Amino acid sequence: MPNPQPDTAPIKSLLVSGSYFPPQVGGISRMMAEICAHLGSDRIAAVSSRDGAYLRSAPHRLRTYHSLNAFDAACPTRLAHLALLLGRAIRRERPTLLQFAGADDAWIGWYTARLLRLPHLIYAHGNEILALARSTWQKPLVSFRAARLIIANSRFTAKQVEEKLGVPGQRIRIIHPACDTRHFRPVAVPAGWRQRLAGRENAYPLLLSVGNLVERKGHDLVLRALAELRQRFPRIAYAIVGDGRDRGKLEHLAQTLGVADCVNFLGRGDDADLATWYSACDLFVMPSRAILENDDVEGFGMVFLEAAACGKAVIGGRSGGIEDAIDDGRSGFLVDPHDPTELIGAITALAQSPELAARFGQAGQHRVAEDFTWEKYGRQIDEVLDELSADGTIRPAKAFHAGCE
């Protein structure tokens, strides 16, 4: 076995991300892309089901090893494809550490730790931790417990990893997701966009939610609040950007509550338009709740950062990791996600005081710029890798020839 590297030797990583990698759209995929872009091709390569085309091109020139069959649970020869793919990547890259994008891939660490003595870290996001705690499949659980570090996206997720999976707290680091402040910022709203968003003229306050239409997000709670709020604000409007399995149920609820005329379902929006939608609204509202029986929870809530970066006061449910995304009483309000009373009070307070809403928006924008940029996220990843490098026990991978080309 090779001698340990000097403490100052940089760690070369191999990121294994079968489910979350560009060109897939989503918060975790964006996070993985930012990690790769920050570390650069000299310090990281990727193994995925997707090719990450823009990361392979200039200026990043990331080396990617990809195969659909290697990550397809329905493929009968999946393990053989995965062994070939990992073997090729490890032989060429000689990594000193594996990074797993989440629990979906973490089980691979059980094999690599046993066969190669190759250390790994795992990113934890929320829902998957609750599901893993109830799973009878031991390999990913053992992999979590054997990981050199777990990087959790919030205090909530870190607590679940420690209490439900039995990972010692000293091997968990909290690094919050971030926001692209070059894209998400206050922008001029083109003529007609606010009316298009509201679905009516002269709307005030104009509420906005952005997210999949699923029970967890709490769109139904906003609809129930509207029945009372419209008595105080006759021109109120609620714009919903997103789609999902609950759309029909929510449309029916709006009709039943008699608020359909002030609710506008816009379907899935274009990501390029999001900064304009945020800038056009008066308040961003998403009272997400935890549905623990379905292992469904908001592990953090990047959407709150996006809205805040655009200068908007935000209202979120007091659940999961949202308490890390919203600075309660300074950049927005946290409310009970099961009872519309607090939500009605929060919306009323901000709608009746545009000055308070503006102050919250400015505070949120400043907070994101200071604490939640991808540049800062990358520096925190550097600190974690430096910590592992200084540990003195990180070694380069053994050659992995079994079943390889």
# chains A, B, ... in the order shown; residues from 1 in each chain; ligands from 1
>>> closest_atom_pairs(of="region 214-281 of chain A", to="region 186-208 of chain A", cutoff="8 Å", atoms="only C-alpha atoms", output="JSON lines")
{"residue": "A:Phe233", "atom": "CA", "partner": "A:Tyr204", "partner_atom": "CA", "distance": 7.2}
{"residue": "A:Arg235", "atom": "CA", "partner": "A:Ala203", "partner_atom": "CA", "distance": 4.9}
{"residue": "A:Ile236", "atom": "CA", "partner": "A:Tyr204", "partner_atom": "CA", "distance": 4.9}
{"residue": "A:Ala237", "atom": "CA", "partner": "A:Leu206", "partner_atom": "CA", "distance": 4.9}
{"residue": "A:Tyr238", "atom": "CA", "partner": "A:Leu207", "partner_atom": "CA", "distance": 4.7}
{"residue": "A:Ala239", "atom": "CA", "partner": "A:Leu208", "partner_atom": "CA", "distance": 4.8}
{"residue": "A:Ile240", "atom": "CA", "partner": "A:Leu208", "partner_atom": "CA", "distance": 6.0}
{"residue": "A:Val241", "atom": "CA", "partner": "A:Leu208", "partner_atom": "CA", "distance": 7.6}
{"residue": "A:Cys262", "atom": "CA", "partner": "A:Gly199", "partner_atom": "CA", "distance": 7.5}
{"residue": "A:Val263", "atom": "CA", "partner": "A:Gly199", "partner_atom": "CA", "distance": 7.5}
{"residue": "A:Asn264", "atom": "CA", "partner": "A:Gly199", "partner_atom": "CA", "distance": 5.7}
{"residue": "A:Leu266", "atom": "CA", "partner": "A:Leu197", "partner_atom": "CA", "distance": 7.7}
{"residue": "A:Ala275", "atom": "CA", "partner": "A:Val187", "partner_atom": "CA", "distance": 6.9}
{"residue": "A:Thr276", "atom": "CA", "partner": "A:Val189", "partner_atom": "CA", "distance": 6.0}
{"residue": "A:Trp277", "atom": "CA", "partner": "A:Leu197", "partner_atom": "CA", "distance": 7.3}
{"residue": "A:Tyr278", "atom": "CA", "partner": "A:Leu208", "partner_atom": "CA", "distance": 7.6}
{"residue": "A:Ser279", "atom": "CA", "partner": "A:Pro186", "partner_atom": "CA", "distance": 5.6}
{"residue": "A:Ala280", "atom": "CA", "partner": "A:Arg194", "partner_atom": "CA", "distance": 5.4}
{"residue": "A:Cys281", "atom": "CA", "partner": "A:Leu206", "partner_atom": "CA", "distance": 5.3}
>>> select_by_dssp(residues="region 243-381 of chain A", states="alpha helix (DSSP H)", output="ChimeraX atom specification")
/A:247-257,274-280,302-309,322-325,340-352,354-371,374-381
>>> closest_atom_pairs(of="region 230-330 of chain A", to="region 364-369 of chain A", cutoff="10 Å", atoms="only C-alpha atoms", output="tab-separated table")
residue	atom	partner	partner_atom	distance
A:Phe304	CA	A:Gly364	CA	9.3
A:Leu305	CA	A:Val368	CA	6.4
A:Glu306	CA	A:Val368	CA	8.5
A:Ala307	CA	A:Gln365	CA	8.5
A:Ala308	CA	A:Gly364	CA	4.9
A:Ala309	CA	A:Gln365	CA	4.4
A:Cys310	CA	A:Gln365	CA	6.6
A:Gly311	CA	A:Gln365	CA	5.3
A:Lys312	CA	A:Gly364	CA	7.4
A:Ala313	CA	A:Gly364	CA	7.1
A:Val314	CA	A:Gly364	CA	8.5
A:Ala325	CA	A:Val368	CA	9.4
A:Ile326	CA	A:Gly364	CA	8.1
A:Asp327	CA	A:Gly364	CA	7.8
A:Arg330	CA	A:Gly364	CA	7.5
>>> write_last_selection(atoms="C-alpha atoms", output="tab-separated table (two decimals), in the first residue's frame")
chain	number	residue	atom	x	y	z
A	304	PHE	CA	-36.31	31.30	-0.83
A	305	LEU	CA	-32.76	32.45	-1.57
A	306	GLU	CA	-33.67	33.18	-5.20
A	307	ALA	CA	-36.66	35.32	-4.23
A	308	ALA	CA	-34.66	37.12	-1.52
A	309	ALA	CA	-31.82	37.79	-3.97
A	310	CYS	CA	-34.41	39.55	-6.15
A	311	GLY	CA	-35.24	41.84	-3.24
A	312	LYS	CA	-38.48	40.20	-2.11
A	313	ALA	CA	-39.77	39.50	1.39
A	314	VAL	CA	-40.41	35.78	1.75
A	325	ALA	CA	-33.09	29.63	4.40
A	326	ILE	CA	-35.20	32.41	5.97
A	327	ASP	CA	-33.99	34.79	8.66
A	330	ARG	CA	-35.53	40.03	9.23
>>> atom_distance(atom1="CA of His338 (chain A)", atom2="CA of Leu221 (chain A)")
7.3 Å
>>> residues_around(residues="region 77-82 of chain A", least_positions_apart="6", cutoff="8 Å", atoms="only C-alpha atoms", output="compact mmCIF listing (two decimals) with N, CA and C atoms, in the first residue's frame")
# COMPACT_ATOMS: atom_id res chain seq x y z
N SER A 67 -22.60 6.67 -18.29
CA SER A 67 -23.27 5.49 -18.83
C SER A 67 -24.67 5.42 -18.24
N ASN A 69 -26.70 2.78 -18.48
CA ASN A 69 -26.93 1.44 -17.92
C ASN A 69 -26.33 1.28 -16.53
N ALA A 70 -25.24 1.98 -16.26
CA ALA A 70 -24.57 1.83 -14.97
C ALA A 70 -25.43 2.33 -13.81
N PHE A 71 -26.38 3.21 -14.10
CA PHE A 71 -27.21 3.78 -13.03
C PHE A 71 -28.69 3.47 -13.21
N GLY A 403 -12.61 -6.63 -14.03
CA GLY A 403 -13.71 -6.38 -14.96
C GLY A 403 -13.55 -5.13 -15.79
>>> atom_distance(atom1="CA of Arg50 (chain A)", atom2="CA of Arg92 (chain A)")
19.0 Å
>>> closest_residue(among="A:Glu342, A:Asp336, A:Asp324, A:Asp270", to="Ala158 (chain A)", atoms="only C-alpha atoms")
A:Asp324
>>> select_by_dssp(residues="region 75-205 of chain A", states="strand (DSSP E or B)", output="list in words")
Leu97, Leu98, Gln99, Phe100, His120, Leu121, Ile122, Tyr123, Ala124, Leu149, Ile150, Ile151, Ala152, Ile172, Arg173, Ile174 and Cys179 of chain A
>>> atom_distance(atom1="CA of Leu84 (chain A)", atom2="CA of Arg56 (chain A)")
20.6 Å
>>> closest_residue(among="A:Ile90, A:Ala74, A:Ile108, A:Leu85", to="Ile44 (chain A)", atoms="only C-alpha atoms")
A:Ile90
>>> closest_residue(among="A:Val285, A:Ala131, A:Leu14, A:Ala351", to="Thr112 (chain A)", atoms="only C-alpha atoms")
A:Leu14
>>> residues_around(residues="His66 (chain A)", least_positions_apart="2", cutoff="9 Å", atoms="only C-alpha atoms", output="list in words")
Gly18, Ala46, Val47, Ser48, Ser49, Arg50, Asp51, Gly52, Thr64, Leu68, Ala70 and Leu85 of chain A
>>> residues_around(residues="Leu213 (chain A)", least_positions_apart="6", cutoff="8 Å", atoms="only C-alpha atoms", output="list in words")
His219, Gly242, Asp243, Gly244, Arg245, Asp246 and Arg247 of chain A
